[in-house]
Amino acid sequence: MPLPAEKIDSSALMTRCRHSASWISVMLLRIIFLAMLAILLLATIPAGHASQEAKGSAATSGFDPLDRWKAAVLAGDQPSLKLLYIASPQSYAITPQGKINDPADEESQFWSALHGQGLTAVSAKILERGQPEPGVEQMVLRIELKFEFHGKSRRQVIGGVQVWGQVGTDWRILVSQRTESGALPTMRLPEPSTPNVHLYPEPADATKELDDALASAKSDHKRVLVVFGANWCYDCHVLDEAMNSAKVAPLVAANYHVVHINIGEGKDNSALANRFLVPLDKGIPSLAVVDASGQVVTSQKQGEFESAAKIGMSDVIDFLERWKPAAGK
């Protein structure tokens, strides 16, 4: 996956949601004295309203408010969508057209309008998830949409970030961001139904994990497969699914110790990328193979694996077979 200018800036949103979380705490204290404000802020979705997802969007995310959001999108239910956003100057949305200071109207209009375009299924895959404050959930999403209209089928994908805050016993969207809609690419590698949001550990953990892998390689004479990527990168999750498939996993286990190096928003661990001759500007995931002494055996310099729509299982297997340690060494 390339590092495009429009990539979701989850770091900036994490900073913003910390401010939003503080605001929520203050508001909850004021609720004691401002009953009318409590009614506005703690308005809940009517019982049973938009609570069940329609056929074609039944997979749950593990976070009930997001499942309610998906159900409302699929149903084109603008009133329910609007209730899920905090309509306050403290919340905002970033759309392809710019920043919206009161996102409830614009966001609910955008997502509910998809129903009229023949929307038949919604999948919101959580690629990265964090809890920067108690009562705050931040998620990087890959939102896959299926449309059927006049006998024609099409699939689209939208990248997004949602920051949810707990208000009383309910949840509301504090901050959101979305990319332009694009055609859903056909992947040649197997895709995860539920991406591992912990696939890439914190960027600060990279050096220790690498040192541990090199130590293990010295004792069992394997090589170290260094995979540069990030949790927000869907192609990184797809490559990992291929690596853990029944066809590839034995090859990996017999020959490599795998280390996932988190590049964060594109700037973390650049020194390690330079050390292993991996140009991150060519996209991620990007791989390097090193021996037990830490010397580079090979590295991908042209973003060879950055698109799971361009490579297949044979490409992954050929790479692993070519750079595995020689027999008997």
# chains A, B, ... in the order shown; residues from 1 in each chain; ligands from 1
>>> select_by_dssp(residues="stretch 93-275 of chain A", states="alpha helix (DSSP H)", output="PyMOL selection string")
chain A and resi 103-112+206-220+234-243+249-255+270-275
>>> select_by_dssp(residues="stretch 144-262 of chain A", states="strand (DSSP E)", output="compact mmCIF listing (two decimals) with N, CA and C atoms, in the first residue's frame")
# COMPACT_ATOMS: atom_id res chain seq x y z
N GLU A 144 -16.16 -1.50 3.20
CA GLU A 144 -16.42 -2.11 1.90
C GLU A 144 -17.93 -2.12 1.64
N LEU A 145 -18.31 -1.68 0.45
CA LEU A 145 -19.72 -1.50 0.10
C LEU A 145 -20.05 -2.29 -1.17
N LYS A 146 -21.22 -2.91 -1.16
CA LYS A 146 -21.69 -3.62 -2.35
C LYS A 146 -23.00 -2.99 -2.81
N PHE A 147 -23.09 -2.74 -4.11
CA PHE A 147 -24.28 -2.11 -4.69
C PHE A 147 -24.85 -3.01 -5.79
N GLU A 148 -26.18 -3.05 -5.86
CA GLU A 148 -26.91 -3.70 -6.95
C GLU A 148 -27.90 -2.69 -7.49
N PHE A 149 -27.74 -2.30 -8.75
CA PHE A 149 -28.63 -1.26 -9.31
C PHE A 149 -28.86 -1.54 -10.78
N LYS A 152 -26.97 -4.35 -12.35
CA LYS A 152 -25.51 -4.27 -12.35
C LYS A 152 -24.98 -4.24 -10.92
N SER A 153 -23.87 -4.92 -10.71
CA SER A 153 -23.26 -5.00 -9.38
C SER A 153 -21.92 -4.27 -9.39
N ARG A 154 -21.66 -3.57 -8.33
CA ARG A 154 -20.35 -2.92 -8.17
C ARG A 154 -19.97 -2.92 -6.70
N ARG A 155 -18.66 -2.86 -6.47
CA ARG A 155 -18.14 -2.83 -5.10
C ARG A 155 -17.23 -1.62 -4.95
N GLN A 156 -17.38 -0.92 -3.84
CA GLN A 156 -16.61 0.28 -3.55
C GLN A 156 -15.94 0.14 -2.19
N VAL A 157 -14.94 0.94 -1.95
CA VAL A 157 -14.26 0.94 -0.65
C VAL A 157 -13.98 2.39 -0.24
N ILE A 158 -14.14 2.65 1.04
CA ILE A 158 -13.86 3.97 1.62
C ILE A 158 -13.01 3.76 2.86
N GLY A 159 -11.93 4.52 2.98
CA GLY A 159 -11.11 4.48 4.18
C GLY A 159 -11.66 5.47 5.19
N GLY A 160 -11.54 5.15 6.47
CA GLY A 160 -12.09 6.06 7.46
C GLY A 160 -11.48 5.91 8.84
N VAL A 161 -11.70 6.93 9.65
CA VAL A 161 -11.38 6.90 11.07
C VAL A 161 -12.62 7.34 11.82
N GLN A 162 -12.92 6.65 12.90
CA GLN A 162 -14.00 7.07 13.80
C GLN A 162 -13.45 7.10 15.22
N VAL A 163 -13.74 8.17 15.93
CA VAL A 163 -13.41 8.27 17.34
C VAL A 163 -14.72 8.37 18.11
N TRP A 164 -14.99 7.36 18.94
CA TRP A 164 -16.22 7.28 19.70
C TRP A 164 -15.96 7.65 21.15
N GLY A 165 -16.90 8.38 21.75
CA GLY A 165 -16.80 8.71 23.16
C GLY A 165 -18.03 8.22 23.90
N GLN A 166 -17.81 7.70 25.10
CA GLN A 166 -18.92 7.22 25.91
C GLN A 166 -19.55 8.40 26.64
N VAL A 167 -20.84 8.57 26.42
CA VAL A 167 -21.59 9.65 27.05
C VAL A 167 -22.69 8.99 27.88
N ASP A 170 -24.28 5.49 26.75
CA ASP A 170 -24.30 5.33 25.30
C ASP A 170 -22.99 5.83 24.70
N TRP A 171 -22.85 5.66 23.40
CA TRP A 171 -21.64 6.08 22.68
C TRP A 171 -22.04 7.02 21.56
N ARG A 172 -21.18 8.01 21.30
CA ARG A 172 -21.39 8.94 20.21
C ARG A 172 -20.06 9.14 19.46
N ILE A 173 -20.17 9.44 18.16
CA ILE A 173 -18.99 9.72 17.36
C ILE A 173 -18.54 11.14 17.62
N LEU A 174 -17.29 11.28 18.11
CA LEU A 174 -16.72 12.59 18.40
C LEU A 174 -16.04 13.18 17.18
N VAL A 175 -15.28 12.35 16.49
CA VAL A 175 -14.48 12.79 15.35
C VAL A 175 -14.54 11.71 14.28
N SER A 176 -14.63 12.09 13.02
CA SER A 176 -14.59 11.11 11.94
C SER A 176 -13.84 11.67 10.76
N GLN A 177 -13.37 10.78 9.93
CA GLN A 177 -12.68 11.16 8.71
C GLN A 177 -12.94 10.09 7.68
N ARG A 178 -13.09 10.50 6.43
CA ARG A 178 -13.29 9.51 5.36
C ARG A 178 -12.56 9.96 4.11
N GLY A 182 -13.68 4.56 -3.77
CA GLY A 182 -12.99 4.03 -4.93
C GLY A 182 -13.44 2.61 -5.21
N ALA A 183 -13.14 2.12 -6.38
CA ALA A 183 -13.50 0.75 -6.73
C ALA A 183 -12.75 -0.23 -5.84
N ARG A 223 16.73 -17.52 9.25
CA ARG A 223 16.91 -16.12 8.89
C ARG A 223 15.76 -15.29 9.49
N VAL A 224 15.95 -13.99 9.48
CA VAL A 224 14.93 -13.11 10.03
C VAL A 224 14.23 -12.38 8.88
N LEU A 225 12.93 -12.52 8.85
CA LEU A 225 12.12 -11.84 7.84
C LEU A 225 11.56 -10.57 8.48
N VAL A 226 12.06 -9.43 8.02
CA VAL A 226 11.66 -8.14 8.58
C VAL A 226 10.59 -7.54 7.67
N VAL A 227 9.40 -7.32 8.24
CA VAL A 227 8.27 -6.82 7.45
C VAL A 227 7.93 -5.42 7.94
N PHE A 228 8.18 -4.42 7.11
CA PHE A 228 7.84 -3.04 7.44
C PHE A 228 6.40 -2.77 7.02
N GLY A 229 5.62 -2.20 7.93
CA GLY A 229 4.23 -1.92 7.63
C GLY A 229 3.56 -1.16 8.75
N TYR A 256 12.25 -19.02 8.95
CA TYR A 256 12.33 -17.60 9.32
C TYR A 256 11.78 -17.32 10.71
N HIS A 257 12.32 -16.27 11.30
CA HIS A 257 11.69 -15.60 12.42
C HIS A 257 11.13 -14.28 11.86
N VAL A 258 9.86 -14.05 12.05
CA VAL A 258 9.20 -12.89 11.45
C VAL A 258 9.13 -11.74 12.46
N VAL A 259 9.54 -10.55 12.03
CA VAL A 259 9.45 -9.36 12.86
C VAL A 259 8.66 -8.30 12.09
N HIS A 260 7.59 -7.82 12.69
CA HIS A 260 6.80 -6.76 12.09
C HIS A 260 7.25 -5.41 12.64
N ILE A 261 7.74 -4.54 11.77
CA ILE A 261 8.24 -3.22 12.17
C ILE A 261 7.19 -2.18 11.82
N ASN A 262 6.67 -1.53 12.83
CA ASN A 262 5.60 -0.54 12.67
C ASN A 262 6.20 0.81 12.27
>>> residues_around(residues="stretch 214-216 of chain A", least_positions_apart="4", cutoff="7 Å", atoms="only C-alpha atoms", output="list in words")
Leu210, Asp220, Val224, Ala292 and Gly294 of chain A
>>> write_last_selection(atoms="C-alpha atoms", output="mmCIF file, in the first residue's frame")
data_model
loop_
_atom_site.group_PDB
_atom_site.id
_atom_site.type_symbol
_atom_site.label_atom_id
_atom_site.label_comp_id
_atom_site.auth_asym_id
_atom_site.auth_seq_id
_atom_site.Cartn_x
_atom_site.Cartn_y
_atom_site.Cartn_z
ATOM 1 C CA LEU A 210 14.444 -7.462 16.190
ATOM 2 C CA ASP A 220 18.449 -22.321 15.230
ATOM 3 C CA VAL A 224 14.934 -13.107 10.033
ATOM 4 C CA ALA A 292 21.645 -14.120 12.196
ATOM 5 C CA GLY A 294 22.025 -8.812 11.114
#
>>> closest_residue(among="A:Pro190, A:Gly118, A:Pro103, A:Pro134", to="A:Gly312", atoms="only C-alpha atoms")
A:Pro190
>>> closest_residue(among="A:Val278, A:Ala93, A:Val122, A:Ile311", to="A:Thr298", atoms="only C-alpha atoms")
A:Val278
>>> closest_residue(among="A:His221, A:Pro96, A:Ser307, A:Lys208", to="A:Pro185", atoms="only C-alpha atoms")
A:Ser307
>>> atom_distance(atom1="atom CA of A:Val197", atom2="atom CA of A:Glu133")
17.7 Å
>>> atom_distance(atom1="atom CA of A:Thr179", atom2="atom CA of A:Ala204")
28.4 Å
>>> residues_around(residues="stretch 80-83 of chain A", least_positions_apart="2", cutoff="7 Å", atoms="only C-alpha atoms", output="list in words")
Ile45, Ala50, Trp69, Ala72, Asp77, Gln78, Tyr85, Ala104, Asp105 and Ser108 of chain A
>>> atom_distance(atom1="atom CA of A:Gly76", atom2="atom CA of A:Gln117")
9.9 Å
>>> closest_residue(among="A:Asp211, A:Thr186, A:Gln131, A:Leu272", to="A:Val238", atoms="only C-alpha atoms")
A:Thr186
>>> closest_residue(among="A:Gly135, A:Pro279, A:Gly264, A:Pro65", to="A:Tyr200", atoms="only C-alpha atoms")
A:Gly264
>>> closest_residue(among="A:Glu306, A:Glu107, A:Asp67, A:Asp291", to="A:Asn255", atoms="only C-alpha atoms")
A:Asp291
>>> residues_around(residues="A:Glu191", least_positions_apart="2", cutoff="8 Å", atoms="only C-alpha atoms", output="PDB file with C-alpha atoms, in the first residue's frame")
ATOM      1  CA  MET A 187      -7.108  -9.247  -4.210  1.00  0.00           C
ATOM      2  CA  LEU A 189      -4.075 -13.069  -1.892  1.00  0.00           C
ATOM      3  CA  SER A 193     -12.285 -11.627   7.692  1.00  0.00           C
ATOM      4  CA  HIS A 237      -3.039  -7.488   6.855  1.00  0.00           C
ATOM      5  CA  VAL A 238      -3.607  -9.349   3.593  1.00  0.00           C
ATOM      6  CA  GLU A 241      -3.091 -13.705   6.084  1.00  0.00           C
ATOM      7  CA  ALA A 242      -1.126 -15.279   3.231  1.00  0.00           C
TER       8      ALA A 242
END
